[in-house]
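K.L.:
Below you will find the structure I want to go over with you.
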Amino acid sequence: MSLIDLMSMAKPNIETRDKILARLSGKELVNCFQCIKCTSGCTALKLLELKPHEIIKLVNLGFVDELPSSDIIWTCVTCLKCVQRCPQKASPYHVIIALRNLAVEKEAKVPEGYLKAVSQILETGQVETYQKIVTRKMETVDRECLKLPKINPPKQSFQAVFMKAMEEKKA
Amino acid sequence: MKTAVFWGCCILTSQYAYEMSLRQVLPKFDIDLVDLRESTCCGDPIKSVNDFTANYLAARALSLANLTGLEDLLVPCNRCHFTISEAKKTIQDNVDIRQKIVGLLKEEGLEYNSNIKIWHTIDLLHDYVGLEKIRKAVTKPLKGLKVASHIGCQIIRYSDLGRVDDAENPKKLDELICALGAEVVDYSEKLDCCGAALTRSHPDSALSLAGSKLKAIQNLPANGLVVSCPDCQLMFDAKQRDAGTTVGAKLNVPVVYYTQLLGLALGIEEKKLGLDLNQSPVDQLLNKISV
């Protein structure tokens, strides 16, 4: 076999498709008429070959089993141009976010940076840690020597509630 | 005017110059900043993992603002501004999500207030303060300075949400720059993204996006680039050298926050505006101003 047509081999999964549609209430995904405005303006297309209109088509047809495990959903830059320009309010960005959430639920391969963000928030309330900056004059400075006020991390009660929110499956 | 301020992670942990310049500049226009009780994430990086939790974190930020008793909240980071604005709309439109989130917040004794108005640096200065007042406050006009502007993606899109400026032809940042006596150079890559959001999954591609934009700006008859988002500044300023390596160019573009430029025009000392902290060659821009 020299050429494999993935679509003719895969089976549509209507259940998962409906799950994705349910997450997208208010976004008219099924109205997409493939005008390709999203793909032609897509920031990630040039570099990473993200084609939002293809993702929309695959989801509409129910070919949704491959997408959450594909790296392509993690190439979106979230510049929101597709949401802005879609004449049918199909909003590829929101579809991609829904697919990413699904990937996490299915325990598919998720870029480590995102999972690290979750544990950092749980630990400190923030995704970044306080950094010392070396100025152009080669001085090392932090908030204290810049006389910036100290802002406290979240109270202890935050962790339990954050975990509870994370367990909420369908948003 | 007194406004609460949600800084977000990026500004509080490394983009100190944005915070310093905002704290210097806003009081000159009788805007007092009130810090929140806690520093937390707005929810943006969690959106890709669990959309519901992202909305909860954004709602939590609004609830912390509610504790100050103020109904204005300044969110100077583009990504935080988008995340909190979108969560506010989701909570307003979706009863189920609203009930769950209000319940979670209650467990921490926090109360959600849907009346809080969300500001960004750009609309606070352009719409609330106004160009006329800024023009009058300028003591050191930036005559002869030519800059390119980059407003970023997430404060201008998507319009249904009610954004800070027009999605396809944003003008407010340019007008704010002109109000200081400087000139704005237009360019076709103006709406291109800085790439910051790819850092967690494809860091090299993120740098490549920043690099291509900087390369285009370097070829303009401009003395530098002006931004108003900590993520964009991080990509264009702190990571400029790496971005240049990725696109095979030697980059040499001074990048400053609008609030730093405004501070200079108001006669505030460079050091107080955090201008030592910029990693890009801003000295060449500063020399141009002092001539």
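Scheme for the structure tokens: letters A, B, ... for chains in order shown; per-chain residue numbers from 1; ligand numbers from 1 in order shown.
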Could you give me the residues within region 29-152 of chain A that DSSP places in strand (DSSP E), as a list of chain:residue names?

P.N.:
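Strand (DSSP E) assignments inside region 29-152 of chain A correspond to A:Ile133, A:Val134, A:Thr140, A:Val141.
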
K.L.:
Can you write out as CSV which residues of chain B fall within 8 Å of chain A, alongside each residue's closest atom pair and its distance in Å to one decimal, counting only C-alpha atoms and ordering rows by chain and ascending residue number?

P.N.:
```
residue,atom,partner,partner_atom,distance
B:Cys9,CA,A:Gln126,CA,5.8
B:Cys10,CA,A:Glu128,CA,6.8
B:Leu12,CA,A:Tyr130,CA,7.4
B:Thr13,CA,A:Tyr130,CA,4.2
B:Ser14,CA,A:Gln131,CA,5.5
B:Tyr16,CA,A:Arg143,CA,7.4
B:Met20,CA,A:Leu148,CA,7.5
B:Asp35,CA,A:Ile151,CA,7.8
B:Leu36,CA,A:Ile151,CA,7.7
B:Arg37,CA,A:Asn152,CA,6.7
B:Glu38,CA,A:Asn152,CA,4.9
B:Ser39,CA,A:Pro153,CA,5.4
B:Thr40,CA,A:Gly125,CA,4.9
B:Cys41,CA,A:Gln126,CA,4.8
B:Pro45,CA,A:Tyr114,CA,6.6
B:Ile46,CA,A:Val118,CA,6.7
B:Lys47,CA,A:Ile97,CA,7.0
B:Ser48,CA,A:Arg100,CA,5.4
B:Val49,CA,A:Asn101,CA,5.0
B:Asn50,CA,A:Asn101,CA,5.5
B:Asp51,CA,A:Ala171,CA,6.4
B:Phe52,CA,A:Ala171,CA,4.8
B:Thr53,CA,A:Ala165,CA,5.3
B:Tyr56,CA,A:Ala165,CA,7.2
B:Ile97,CA,A:Ala171,CA,6.9
B:Leu104,CA,A:Val161,CA,6.4
B:Leu105,CA,A:Val161,CA,8.0
B:Glu107,CA,A:Val161,CA,7.3
B:Glu108,CA,A:Ser157,CA,6.2
B:Cys153,CA,A:Cys79,CA,5.3
B:Gln154,CA,A:Cys79,CA,6.5
B:Arg157,CA,A:Leu80,CA,6.0
B:Tyr158,CA,A:Gln84,CA,4.9
B:Ser159,CA,A:Gln84,CA,6.7
B:Ala167,CA,A:Gln84,CA,7.5
B:Asp192,CA,A:Thr43,CA,7.4
B:Cys193,CA,A:Cys79,CA,6.4
B:Gly195,CA,A:Val77,CA,6.3
B:Ala196,CA,A:Val77,CA,7.7
B:Ala197,CA,A:Val77,CA,5.3
B:Leu198,CA,A:Val77,CA,5.6
B:Arg200,CA,A:Gly113,CA,4.6
B:Ser201,CA,A:Pro111,CA,5.4
B:His202,CA,A:Thr75,CA,7.2
B:Ser205,CA,A:Leu47,CA,7.0
B:Asp276,CA,A:Thr135,CA,5.4
B:Leu277,CA,A:Thr135,CA,4.7
B:Asn278,CA,A:Thr135,CA,7.2
B:Gln279,CA,A:Arg136,CA,6.3
```

K.L.:
Using only C-alpha atoms, which residues sit within 9 Å of His53 (chain A) once same-chain residues fewer than 5 positions away are excluded, as a list of chain:residue names?

P.N.:
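The residues satisfying every condition are A:Cys32, A:Gln34, A:Cys35, A:Ile36, A:Lys37, A:Cys38, A:Thr39, A:Leu58, A:Pro92.
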
K.L.:
Figure out the distance between CA of Pro203 (chain B) and CA of Ser188 (chain B), please, to one decimal in Å.

P.N.:
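Between CA of Ser188 (chain B) and CA of Pro203 (chain B) the gap works out to 24.6 Å.
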
K.L.:
Could you check how far CA of Ala17 (chain B) sits from CA of Val185 (chain B), in Å to one decimal?

P.N.:
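Here the two named atoms are 24.1 Å from each other.
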
K.L.:
Which residues come within 12 Å of Val102 (chain B), counting only C-alpha atoms, excluding same-chain residues fewer than 4 positions away, as a PDB file with C-alpha atoms, in the first residue's frame?

P.N.:
```pdb
ATOM      1  CA  VAL A 161     -10.751  24.408  45.955  1.00  0.00           C
ATOM      2  CA  ALA A 165     -12.244  22.694  40.154  1.00  0.00           C
TER       3      ALA A 165
ATOM      4  CA  ASN B  55     -12.779  30.207  34.200  1.00  0.00           C
ATOM      5  CA  TYR B  56     -12.729  29.542  37.938  1.00  0.00           C
ATOM      6  CA  LEU B  57      -9.275  31.139  38.303  1.00  0.00           C
ATOM      7  CA  ALA B  58     -10.360  34.163  36.270  1.00  0.00           C
ATOM      8  CA  ALA B  59     -13.513  34.497  38.381  1.00  0.00           C
ATOM      9  CA  ARG B  60     -11.323  34.237  41.467  1.00  0.00           C
ATOM     10  CA  LEU B  62     -12.520  39.208  39.906  1.00  0.00           C
ATOM     11  CA  SER B  63     -13.565  38.102  43.398  1.00  0.00           C
ATOM     12  CA  ILE B  91     -20.177  33.113  33.589  1.00  0.00           C
ATOM     13  CA  GLN B  92     -22.787  35.623  32.488  1.00  0.00           C
ATOM     14  CA  VAL B  95     -26.061  29.449  34.418  1.00  0.00           C
ATOM     15  CA  ASP B  96     -24.597  26.016  35.108  1.00  0.00           C
ATOM     16  CA  ILE B  97     -20.997  27.224  35.049  1.00  0.00           C
ATOM     17  CA  ARG B  98     -21.918  30.330  37.036  1.00  0.00           C
ATOM     18  CA  LYS B 106     -17.908  30.629  48.424  1.00  0.00           C
ATOM     19  CA  GLU B 107     -15.843  27.811  49.921  1.00  0.00           C
ATOM     20  CA  GLU B 108     -13.045  30.339  50.274  1.00  0.00           C
ATOM     21  CA  GLY B 109     -15.376  33.071  51.487  1.00  0.00           C
ATOM     22  CA  LEU B 110     -15.045  34.945  48.178  1.00  0.00           C
ATOM     23  CA  GLU B 111     -17.880  36.676  46.389  1.00  0.00           C
ATOM     24  CA  TYR B 112     -18.212  37.063  42.637  1.00  0.00           C
ATOM     25  CA  ASN B 113     -19.114  40.532  41.395  1.00  0.00           C
ATOM     26  CA  SER B 114     -20.228  40.755  37.776  1.00  0.00           C
TER      27      SER B 114
END
```

K.L.:
Measure the distance from CA of Leu220 (chain B) to CA of Leu131 (chain B) in Å and round it to one decimal.

P.N.:
26.1 Å

K.L.:
Choose the residue, out of B:Val5, B:Leu234, B:Val147, B:Cys229, that has the smallest atom-to-atom separation from Val184 (chain B); count only C-alpha atoms.

P.N.:
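Once distances to Val184 (chain B) are computed over only C-alpha atoms, the minimum belongs to B:Val147.
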
K.L.:
May I have the residues within 12 Å of Val227 (chain B) as a PyMOL selection string, using only C-alpha atoms and disregarding those fewer than 4 positions away in the same chain?

P.N.:
chain B and resi 18+76-78+121-122+147-153+173-174+176-177+190+193-194+231-237+254-262
